[in-house]
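Data file: query.pdb. Format and content: PDB, C-alpha atoms.
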```pdb
ATOM      1  CA  MET A   7      11.442  13.796 -29.827
ATOM      2  CA  SER A   8      10.802  15.609 -26.570
ATOM      3  CA  PRO A   9      13.584  15.387 -23.968
ATOM      4  CA  LEU A  10      10.890  14.279 -21.546
ATOM      5  CA  ASP A  11      10.251  11.201 -23.683
ATOM      6  CA  SER A  12      13.831  10.320 -24.543
ATOM      7  CA  PRO A  13      15.128   6.728 -24.269
ATOM      8  CA  ALA A  14      17.735   7.893 -21.755
ATOM      9  CA  LEU A  15      15.075   9.405 -19.490
ATOM     10  CA  ARG A  16      12.875   6.320 -19.760
ATOM     11  CA  ALA A  17      15.855   4.109 -18.875
ATOM     12  CA  LYS A  18      16.632   6.276 -15.854
ATOM     13  CA  GLN A  19      13.007   6.101 -14.694
ATOM     14  CA  ALA A  20      12.971   2.330 -15.127
ATOM     15  CA  THR A  21      16.120   2.013 -13.018
ATOM     16  CA  ARG A  22      14.708   4.187 -10.241
ATOM     17  CA  ARG A  23      11.424   2.282 -10.371
ATOM     18  CA  ALA A  24      13.281  -1.013  -9.928
ATOM     19  CA  ASP A  25      14.885   0.346  -6.757
ATOM     20  CA  ILE A  26      11.582   0.413  -4.881
ATOM     21  CA  ARG A  27       9.604  -2.467  -3.363
ATOM     22  CA  THR A  28       7.530  -4.587  -5.760
ATOM     23  CA  ASP A  29       4.112  -3.491  -4.564
ATOM     24  CA  LEU A  30       5.273   0.138  -4.625
ATOM     25  CA  GLN A  31       6.372  -0.272  -8.254
ATOM     26  CA  ILE A  32       2.868  -1.417  -9.172
ATOM     27  CA  ILE A  33       1.286   1.390  -7.170
ATOM     28  CA  ALA A  34       3.547   3.951  -8.856
ATOM     29  CA  ASP A  35       2.422   2.745 -12.273
ATOM     30  CA  MET A  36      -1.223   3.243 -11.298
ATOM     31  CA  ILE A  37      -0.843   6.890 -10.286
ATOM     32  CA  ALA A  38      -1.431   9.575 -12.919
ATOM     33  CA  PRO A  39       1.284  12.198 -13.486
ATOM     34  CA  GLY A  40       0.580  15.509 -11.795
ATOM     35  CA  SER A  41      -2.082  14.112  -9.469
ATOM     36  CA  ARG A  42      -2.504  14.871  -5.758
ATOM     37  CA  VAL A  43      -1.249  11.970  -3.650
ATOM     38  CA  LEU A  44      -1.257  11.238   0.082
ATOM     39  CA  ASP A  45       1.040   8.378   1.140
ATOM     40  CA  ILE A  46       0.055   7.080   4.582
ATOM     41  CA  GLY A  47       2.664   5.193   6.569
ATOM     42  CA  CYS A  48       5.213   6.343   4.006
ATOM     43  CA  GLY A  49       8.332   5.316   5.943
ATOM     44  CA  ASP A  50      11.378   7.104   4.553
ATOM     45  CA  GLY A  51       9.392   8.360   1.545
ATOM     46  CA  GLN A  52      10.694   5.917  -1.061
ATOM     47  CA  LEU A  53       7.467   5.832  -3.072
ATOM     48  CA  LEU A  54       6.623   9.498  -2.644
ATOM     49  CA  ARG A  55      10.103  10.569  -3.734
ATOM     50  CA  TYR A  56       9.785   8.537  -6.930
ATOM     51  CA  LEU A  57       6.322   9.938  -7.666
ATOM     52  CA  VAL A  58       7.359  13.552  -7.076
ATOM     53  CA  GLU A  59      10.595  13.362  -9.049
ATOM     54  CA  GLU A  60       9.537  11.078 -11.901
ATOM     55  CA  LYS A  61       5.784  11.693 -12.277
ATOM     56  CA  GLY A  62       5.444  15.262 -11.036
ATOM     57  CA  VAL A  63       2.764  14.499  -8.468
ATOM     58  CA  VAL A  64       1.800  16.897  -5.707
ATOM     59  CA  GLY A  65       2.749  14.559  -2.897
ATOM     60  CA  ARG A  66       2.318  14.581   0.851
ATOM     61  CA  GLY A  67       3.156  11.952   3.455
ATOM     62  CA  LEU A  68       1.720  10.947   6.821
ATOM     63  CA  GLU A  69       4.228   9.015   8.920
ATOM     64  CA  LEU A  70       4.193   7.941  12.559
ATOM     65  CA  SER A  71       7.906   7.423  13.171
ATOM     66  CA  GLN A  72      10.225  10.358  13.832
ATOM     67  CA  ASP A  73      13.013   8.660  11.865
ATOM     68  CA  GLY A  74      10.795   8.407   8.802
ATOM     69  CA  VAL A  75       9.719  12.029   9.095
ATOM     70  CA  ASN A  76      13.326  13.157   9.435
ATOM     71  CA  ALA A  77      14.379  11.148   6.377
ATOM     72  CA  MET A  78      11.643  12.692   4.247
ATOM     73  CA  VAL A  79      12.228  16.237   5.427
ATOM     74  CA  SER A  80      15.954  15.906   4.731
ATOM     75  CA  THR A  81      15.180  15.277   1.049
ATOM     76  CA  GLY A  82      12.647  18.081   0.765
ATOM     77  CA  LEU A  83       9.476  15.992   0.789
ATOM     78  CA  SER A  84       6.279  17.258   2.416
ATOM     79  CA  VAL A  85       5.336  15.132   5.415
ATOM     80  CA  VAL A  86       3.256  15.385   8.574
ATOM     81  CA  GLN A  87       3.948  13.253  11.619
ATOM     82  CA  GLY A  88       0.733  11.543  12.558
ATOM     83  CA  ASP A  89      -1.192   8.371  13.296
ATOM     84  CA  ALA A  90      -3.573   6.920  10.702
ATOM     85  CA  ASP A  91      -5.871   5.690  13.480
ATOM     86  CA  THR A  92      -6.562   9.226  14.698
ATOM     87  CA  ASP A  93      -5.243  11.911  12.358
ATOM     88  CA  LEU A  94      -6.921  10.978   9.065
ATOM     89  CA  ALA A  95     -10.118  12.482  10.428
ATOM     90  CA  ASP A  96      -8.485  15.917  10.171
ATOM     91  CA  PHE A  97      -8.213  15.800   6.365
ATOM     92  CA  PRO A  98     -11.099  17.331   4.364
ATOM     93  CA  ASP A  99     -13.279  15.308   2.005
ATOM     94  CA  GLY A 100     -11.803  14.762  -1.457
ATOM     95  CA  ALA A 101      -8.500  16.438  -0.639
ATOM     96  CA  PHE A 102      -6.486  14.014  -2.821
ATOM     97  CA  ASP A 103      -6.840  12.191  -6.109
ATOM     98  CA  THR A 104      -5.172   9.087  -4.701
ATOM     99  CA  VAL A 105      -4.488   7.920  -1.154
ATOM    100  CA  VAL A 106      -1.915   5.157  -0.703
ATOM    101  CA  LEU A 107      -1.791   2.746   2.234
ATOM    102  CA  SER A 108       0.913   0.168   1.579
ATOM    103  CA  GLN A 109       1.596  -2.726   3.958
ATOM    104  CA  THR A 110       0.194  -0.658   6.832
ATOM    105  CA  LEU A 111      -3.481  -1.588   7.354
ATOM    106  CA  GLN A 112      -2.609  -4.679   9.396
ATOM    107  CA  ALA A 113      -0.662  -2.484  11.830
ATOM    108  CA  THR A 114      -3.561  -0.106  12.546
ATOM    109  CA  ARG A 115      -5.772  -0.403  15.607
ATOM    110  CA  ASP A 116      -9.025   0.212  13.728
ATOM    111  CA  PRO A 117      -8.768  -1.010  10.100
ATOM    112  CA  ARG A 118     -12.434  -0.315   9.367
ATOM    113  CA  PHE A 119     -12.167   3.325  10.406
ATOM    114  CA  VAL A 120      -8.943   3.747   8.416
ATOM    115  CA  LEU A 121     -10.485   2.302   5.239
ATOM    116  CA  GLU A 122     -13.517   4.554   5.533
ATOM    117  CA  GLN A 123     -11.250   7.571   5.898
ATOM    118  CA  LEU A 124      -9.167   6.604   2.856
ATOM    119  CA  VAL A 125     -12.101   6.702   0.462
ATOM    120  CA  ARG A 126     -13.468   9.853   2.085
ATOM    121  CA  ILE A 127     -10.353  11.966   1.614
ATOM    122  CA  GLY A 128      -9.293  10.480  -1.740
ATOM    123  CA  ARG A 129     -11.110   9.845  -5.016
ATOM    124  CA  HIS A 130      -9.362   6.473  -5.022
ATOM    125  CA  ALA A 131      -7.394   4.505  -2.464
ATOM    126  CA  LEU A 132      -4.609   2.043  -3.260
ATOM    127  CA  VAL A 133      -4.179  -0.504  -0.473
ATOM    128  CA  SER A 134      -1.633  -3.322  -0.349
ATOM    129  CA  LEU A 135      -1.440  -5.895   2.430
ATOM    130  CA  PRO A 136       0.078  -9.310   3.213
ATOM    131  CA  ASN A 137      -2.186 -12.313   2.759
ATOM    132  CA  PHE A 138      -2.398 -14.512   5.838
ATOM    133  CA  GLY A 139      -4.377 -17.030   3.762
ATOM    134  CA  HIS A 140      -1.408 -17.957   1.533
ATOM    135  CA  TRP A 141      -0.892 -21.715   1.313
ATOM    136  CA  ARG A 142       2.573 -21.584   2.901
ATOM    137  CA  VAL A 143       1.145 -19.767   5.914
ATOM    138  CA  ARG A 144      -1.648 -22.309   6.240
ATOM    139  CA  LEU A 145       0.802 -25.207   5.913
ATOM    140  CA  LYS A 146       3.164 -23.847   8.560
ATOM    141  CA  LEU A 147       0.275 -23.407  10.977
ATOM    142  CA  LEU A 148      -1.081 -26.885  10.211
ATOM    143  CA  VAL A 149       2.187 -28.794  10.323
ATOM    144  CA  GLY A 150       4.296 -26.742  12.702
ATOM    145  CA  GLY A 151       1.551 -25.487  14.989
ATOM    146  CA  ARG A 152       3.339 -22.144  15.362
ATOM    147  CA  MET A 153       2.753 -18.648  14.052
ATOM    148  CA  PRO A 154       4.417 -18.586  10.611
ATOM    149  CA  MET A 155       7.174 -16.309   9.416
ATOM    150  CA  THR A 156       7.334 -15.524   5.690
ATOM    151  CA  ALA A 157       8.753 -12.851   3.385
ATOM    152  CA  SER A 158       5.545 -10.850   3.849
ATOM    153  CA  LEU A 159       5.352 -11.634   7.571
ATOM    154  CA  PRO A 160       9.041 -11.657   8.566
ATOM    155  CA  ASP A 161       8.796 -10.970  12.294
ATOM    156  CA  ALA A 162       8.250 -13.341  15.189
ATOM    157  CA  TRP A 163       4.792 -13.112  16.743
ATOM    158  CA  TYR A 164       6.140 -11.270  19.792
ATOM    159  CA  GLU A 165       7.998  -8.656  17.715
ATOM    160  CA  THR A 166       5.629  -8.025  14.824
ATOM    161  CA  PRO A 167       3.985  -4.595  14.420
ATOM    162  CA  ASN A 168       1.037  -6.373  12.789
ATOM    163  CA  ILE A 169      -1.987  -6.585  15.053
ATOM    164  CA  HIS A 170      -4.811  -7.341  12.586
ATOM    165  CA  LEU A 171      -3.701 -10.107  10.235
ATOM    166  CA  CYS A 172      -6.258 -10.997   7.582
ATOM    167  CA  THR A 173      -6.703 -12.940   4.360
ATOM    168  CA  LEU A 174      -7.635 -11.379   1.030
ATOM    169  CA  ARG A 175     -11.174 -12.706   1.488
ATOM    170  CA  ASP A 176     -11.374 -11.037   4.890
ATOM    171  CA  PHE A 177     -10.282  -7.739   3.353
ATOM    172  CA  VAL A 178     -12.809  -7.857   0.506
ATOM    173  CA  GLU A 179     -15.587  -8.713   2.962
ATOM    174  CA  LEU A 180     -14.613  -5.742   5.137
ATOM    175  CA  CYS A 181     -14.803  -3.454   2.098
ATOM    176  CA  ALA A 182     -18.300  -4.741   1.373
ATOM    177  CA  ALA A 183     -19.336  -4.153   4.991
ATOM    178  CA  CYS A 184     -18.016  -0.578   4.713
ATOM    179  CA  ARG A 185     -19.810  -0.056   1.374
ATOM    180  CA  ILE A 186     -16.455   0.485  -0.315
ATOM    181  CA  GLU A 187     -16.215  -0.516  -3.963
ATOM    182  CA  VAL A 188     -13.276  -2.680  -5.003
ATOM    183  CA  GLU A 189     -12.591  -1.415  -8.520
ATOM    184  CA  LYS A 190      -9.605  -3.671  -9.095
ATOM    185  CA  GLY A 191      -7.712  -6.355  -7.237
ATOM    186  CA  LEU A 192      -4.258  -7.747  -7.958
ATOM    187  CA  MET A 193      -2.643 -10.851  -6.525
ATOM    188  CA  ILE A 194       1.120 -10.625  -5.973
ATOM    189  CA  ASP A 195       3.182 -13.819  -5.815
ATOM    190  CA  GLY A 196       6.429 -14.573  -4.040
ATOM    191  CA  GLN A 197       8.492 -13.546  -7.070
ATOM    192  CA  GLY A 198       6.866 -10.132  -7.298
ATOM    193  CA  GLY A 199       4.633 -10.985 -10.238
ATOM    194  CA  ALA A 200       1.180  -9.429 -10.261
ATOM    195  CA  LYS A 201      -1.995 -10.419 -12.073
ATOM    196  CA  PRO A 202      -5.662  -9.433 -11.815
ATOM    197  CA  ILE A 203      -7.735 -11.412  -9.337
ATOM    198  CA  ALA A 204     -10.060 -13.562 -11.431
ATOM    199  CA  SER A 205     -10.994 -15.885  -8.566
ATOM    200  CA  LEU A 206     -10.846 -14.587  -5.006
ATOM    201  CA  ARG A 207     -10.716 -18.130  -3.666
ATOM    202  CA  ARG A 208      -7.666 -18.909  -5.821
ATOM    203  CA  ALA A 209      -5.969 -15.598  -5.013
ATOM    204  CA  ASN A 210      -6.581 -16.175  -1.318
ATOM    205  CA  LEU A 211      -4.618 -19.414  -1.569
ATOM    206  CA  LEU A 212      -1.791 -18.441  -3.943
ATOM    207  CA  ALA A 213      -1.071 -14.729  -3.399
ATOM    208  CA  THR A 214       1.527 -13.678  -0.860
ATOM    209  CA  ASP A 215       0.136 -10.117  -0.987
ATOM    210  CA  GLY A 216      -2.844  -8.276  -2.417
ATOM    211  CA  LEU A 217      -3.210  -4.824  -3.947
ATOM    212  CA  PHE A 218      -6.623  -3.201  -4.289
ATOM    213  CA  VAL A 219      -8.017  -0.072  -5.918
ATOM    214  CA  LEU A 220     -10.887   1.227  -3.789
ATOM    215  CA  ARG A 221     -13.546   3.894  -4.140
ATOM    216  CA  GLY A 222     -16.345   5.041  -1.870
ATOM    217  CA  ARG A 223     -19.890   4.374  -3.038
TER     218      ARG A 223
END
```
Take the structure in this file and express it as structure tokens.
Amino acid sequence: MSPLDSPALRAKQATRRADIRTDLQIIADMIAPGSRVLDIGCGDGQLLRYLVEEKGVVGRGLELSQDGVNAMVSTGLSVVQGDADTDLADFPDGAFDTVVLSQTLQATRDPRFVLEQLVRIGRHALVSLPNFGHWRVRLKLLVGGRMPMTASLPDAWYETPNIHLCTLRDFVELCAACRIEVEKGLMIDGQGGAKPIASLRRANLLATDGLFVLRGR
């Protein structure tokens, strides 16, 4: 047995995988070892660090906050400080195998432009986002008459960084308008479970978050 396939190594990888956010765990499993990855809005580099150390990817991050950039640089990760709304245009076509945008699209000023750039600079894009169409969100708006706060939307309306909240149906319709192919869609529930989207209407009601694999047409 190769040391790279030993039970001890697999157990270590599983432990490190469990240390990252649920949607990032699913994204990590979708990315091929040794591939070229750009993580946009990468924060402190949690996902990118796992991918580089455990899957041998050639990883690069794009992060707006100075704190996030400093955290990544301190651990030896490659990162550029930049804004997805403006700086993605500087990347050449097809520069990466996979581009990741996790829980960030709703905080961009121009989601359509950002999506178009993702599939231009990457062969595939992995996008996760909170679902404002979840039944708990709808119920809180209907009964309470106030902007809801949930695990996926934890901030008060006046403090949230999110400026373009959407449902999963809204997101899929935007992809169609941009001529972006949705190769795969996953609905993520409140317990972190994920399953393929068989019915968009059902997923739009029951999923707290969505994760989509995109490709330009």
How many Å separate CA of Ala183 (chain A) from CA of Ser108 (chain A)? 21.0 Å
If I put a ball of radius 9 Å at (1.1, -13.5, 4.8) in the file's coordinates, which residues poke into it when counting all atoms listed in the file, written as number ranges by chain? A: 135-140, 142-143, 154-160, 171-173, 213-215
Work out how far apart CA of Gln87 (chain A) and CA of Ala162 (chain A) are and give it in Å to one decimal.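 Separation of CA of Gln87 (chain A) and CA of Ala162 (chain A): 27.2 Å.
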Please evaluate the PyMOL selection byres ((chain A and resi 85) around 12) against the displayed coordinates and give the resulting residues as a PyMOL selection string. chain A and resi 43-51+54-55+64-84+86-88
To verify the selection step, state as a ChimeraX atom specification which residues the PyMOL selection byres ((chain A and resi 199) around 12) yields on this input. /A:28-29,31-32,192-198,200-202,212-217
Keeping only C-alpha atoms, write those residues as a short mmCIF file (atom, residue, chain, number, x, y, z; two decimals), in the frame of the given file.
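See again.cif below for the written result:
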```
data_model
loop_
_atom_site.label_atom_id
_atom_site.label_comp_id
_atom_site.auth_asym_id
_atom_site.auth_seq_id
_atom_site.Cartn_x
_atom_site.Cartn_y
_atom_site.Cartn_z
CA THR A 28 7.53 -4.59 -5.76
CA ASP A 29 4.11 -3.49 -4.56
CA GLN A 31 6.37 -0.27 -8.25
CA ILE A 32 2.87 -1.42 -9.17
CA LEU A 192 -4.26 -7.75 -7.96
CA MET A 193 -2.64 -10.85 -6.52
CA ILE A 194 1.12 -10.62 -5.97
CA ASP A 195 3.18 -13.82 -5.82
CA GLY A 196 6.43 -14.57 -4.04
CA GLN A 197 8.49 -13.55 -7.07
CA GLY A 198 6.87 -10.13 -7.30
CA ALA A 200 1.18 -9.43 -10.26
CA LYS A 201 -2.00 -10.42 -12.07
CA PRO A 202 -5.66 -9.43 -11.82
CA LEU A 212 -1.79 -18.44 -3.94
CA ALA A 213 -1.07 -14.73 -3.40
CA THR A 214 1.53 -13.68 -0.86
CA ASP A 215 0.14 -10.12 -0.99
CA GLY A 216 -2.84 -8.28 -2.42
CA LEU A 217 -3.21 -4.82 -3.95
#
```
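Counting all atoms listed in the file, the residue from A:Leu220, A:Leu174, A:Met153, A:Leu94 that sits nearest to Arg208 (chain A) is A:Leu174.
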Using all atoms listed in the file, find the one residue out of A:Ile33, A:Leu148, A:Arg175, A:Cys181 that sits nearest to Leu211 (chain A). A:Arg175
Hey, what's within 9 Å of Ile169 (chain A) if we count all atoms listed in the file and toss same-chain stuff fewer than 3 positions away? As a list in words, please? Gln112, Ala113, Thr114, Arg115 and Thr166 of chain A
Length of the CA of His130 (chain A) to CA of Gly222 (chain A) vector [Å]: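 One can read the CA of His130 (chain A) to CA of Gly222 (chain A) distance as 7.8 Å.
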Please determine, counting all atoms listed in the file, which residue among A:Gly100, A:Leu121, A:Arg152, A:Ala34 has the shortest atom-to-atom distance to Glu187 (chain A).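 The answer is A:Leu121, which sits nearest to Glu187 (chain A).
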Measuring between all atoms listed in the file, which one of A:Gly191, A:Pro98, A:Pro117, A:Gly40 shows the shortest distance to Lys61 (chain A)?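 Among A:Gly191, A:Pro98, A:Pro117, A:Gly40, it is A:Gly40 that comes nearest to Lys61 (chain A).
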Hey, which of A:Thr92, A:Gln123, A:Ser134, A:Ser41 ends up closest to Val106 (chain A)? Count all atoms listed in the file.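 Counting all atoms listed in the file, the residue closest to Val106 (chain A) is A:Ser134.
Comparing the minimum interatomic distances between Leu132 (chain A) and each of A:Gln52, A:Thr104, A:Thr110, A:Ser205, counting all atoms listed in the file, we find that A:Thr104 sits nearest.
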Quick one: what's the axis-aligned box for region 195-207 of chain A, all listed atoms, 3 Å on every side, centre and edges in Å to one decimal, as JSON?
```
{"center_x": -1.3, "center_y": -13.8, "center_z": -7.9, "size_x": 25.5, "size_y": 14.7, "size_z": 14.4}
```
With the PyMOL selection byres ((chain A and resi 128) around 7) as the selection, what would be picked from this file? Answer as a list in words, please.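 Selected by the PyMOL selection byres ((chain A and resi 128) around 7) in this file: Gly100, Ala101, Phe102, Asp103, Thr104, Val105, Leu124, Val125, Arg126, Ile127, Arg129, His130 and Ala131 of chain A.
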Reconstructed region 77-96 of chain A, atom set N, CA and C atoms, as a PDB file, in the frame of the given file:
```
ATOM      1  N   ALA A  77      13.817  11.563   7.665  1.00  0.00           N
ATOM      2  CA  ALA A  77      14.379  11.148   6.377  1.00  0.00           C
ATOM      3  C   ALA A  77      13.694  11.865   5.226  1.00  0.00           C
ATOM      4  N   MET A  78      12.378  12.020   5.315  1.00  0.00           N
ATOM      5  CA  MET A  78      11.643  12.692   4.247  1.00  0.00           C
ATOM      6  C   MET A  78      11.945  14.184   4.205  1.00  0.00           C
ATOM      7  N   VAL A  79      11.955  14.803   5.366  1.00  0.00           N
ATOM      8  CA  VAL A  79      12.228  16.237   5.427  1.00  0.00           C
ATOM      9  C   VAL A  79      13.615  16.551   4.892  1.00  0.00           C
ATOM     10  N   SER A  80      14.578  15.670   5.165  1.00  0.00           N
ATOM     11  CA  SER A  80      15.954  15.906   4.731  1.00  0.00           C
ATOM     12  C   SER A  80      16.093  15.907   3.216  1.00  0.00           C
ATOM     13  N   THR A  81      15.133  15.296   2.513  1.00  0.00           N
ATOM     14  CA  THR A  81      15.180  15.277   1.049  1.00  0.00           C
ATOM     15  C   THR A  81      14.149  16.230   0.432  1.00  0.00           C
ATOM     16  N   GLY A  82      13.545  17.053   1.274  1.00  0.00           N
ATOM     17  CA  GLY A  82      12.647  18.081   0.765  1.00  0.00           C
ATOM     18  C   GLY A  82      11.224  17.642   0.515  1.00  0.00           C
ATOM     19  N   LEU A  83      10.847  16.459   0.986  1.00  0.00           N
ATOM     20  CA  LEU A  83       9.476  15.992   0.789  1.00  0.00           C
ATOM     21  C   LEU A  83       8.554  16.569   1.859  1.00  0.00           C
ATOM     22  N   SER A  84       7.278  16.721   1.501  1.00  0.00           N
ATOM     23  CA  SER A  84       6.279  17.258   2.416  1.00  0.00           C
ATOM     24  C   SER A  84       5.684  16.120   3.234  1.00  0.00           C
ATOM     25  N   VAL A  85       5.810  16.204   4.551  1.00  0.00           N
ATOM     26  CA  VAL A  85       5.336  15.132   5.415  1.00  0.00           C
ATOM     27  C   VAL A  85       4.815  15.718   6.713  1.00  0.00           C
ATOM     28  N   VAL A  86       3.805  15.042   7.265  1.00  0.00           N
ATOM     29  CA  VAL A  86       3.256  15.385   8.574  1.00  0.00           C
ATOM     30  C   VAL A  86       3.412  14.171   9.470  1.00  0.00           C
ATOM     31  N   GLN A  87       3.880  14.365  10.679  1.00  0.00           N
ATOM     32  CA  GLN A  87       3.948  13.253  11.619  1.00  0.00           C
ATOM     33  C   GLN A  87       2.555  13.030  12.200  1.00  0.00           C
ATOM     34  N   GLY A  88       2.075  11.819  12.074  1.00  0.00           N
ATOM     35  CA  GLY A  88       0.733  11.543  12.558  1.00  0.00           C
ATOM     36  C   GLY A  88       0.414  10.068  12.539  1.00  0.00           C
ATOM     37  N   ASP A  89      -0.727   9.741  13.117  1.00  0.00           N
ATOM     38  CA  ASP A  89      -1.192   8.371  13.296  1.00  0.00           C
ATOM     39  C   ASP A  89      -2.448   8.176  12.452  1.00  0.00           C
ATOM     40  N   ALA A  90      -2.426   7.172  11.574  1.00  0.00           N
ATOM     41  CA  ALA A  90      -3.573   6.920  10.702  1.00  0.00           C
ATOM     42  C   ALA A  90      -4.838   6.628  11.504  1.00  0.00           C
ATOM     43  N   ASP A  91      -4.694   6.047  12.679  1.00  0.00           N
ATOM     44  CA  ASP A  91      -5.871   5.690  13.480  1.00  0.00           C
ATOM     45  C   ASP A  91      -6.611   6.910  14.025  1.00  0.00           C
ATOM     46  N   THR A  92      -5.924   8.047  14.107  1.00  0.00           N
ATOM     47  CA  THR A  92      -6.562   9.226  14.698  1.00  0.00           C
ATOM     48  C   THR A  92      -6.531  10.459  13.799  1.00  0.00           C
ATOM     49  N   ASP A  93      -5.462  10.630  13.035  1.00  0.00           N
ATOM     50  CA  ASP A  93      -5.243  11.911  12.358  1.00  0.00           C
ATOM     51  C   ASP A  93      -5.848  12.011  10.958  1.00  0.00           C
ATOM     52  N   LEU A  94      -6.283  10.893  10.377  1.00  0.00           N
ATOM     53  CA  LEU A  94      -6.921  10.978   9.065  1.00  0.00           C
ATOM     54  C   LEU A  94      -8.232  11.756   9.125  1.00  0.00           C
ATOM     55  N   ALA A  95      -8.853  11.763  10.281  1.00  0.00           N
ATOM     56  CA  ALA A  95     -10.118  12.482  10.428  1.00  0.00           C
ATOM     57  C   ALA A  95      -9.958  13.983  10.236  1.00  0.00           C
ATOM     58  N   ASP A  96      -8.728  14.486  10.318  1.00  0.00           N
ATOM     59  CA  ASP A  96      -8.485  15.917  10.171  1.00  0.00           C
ATOM     60  C   ASP A  96      -8.406  16.372   8.719  1.00  0.00           C
TER      61      ASP A  96
END
```
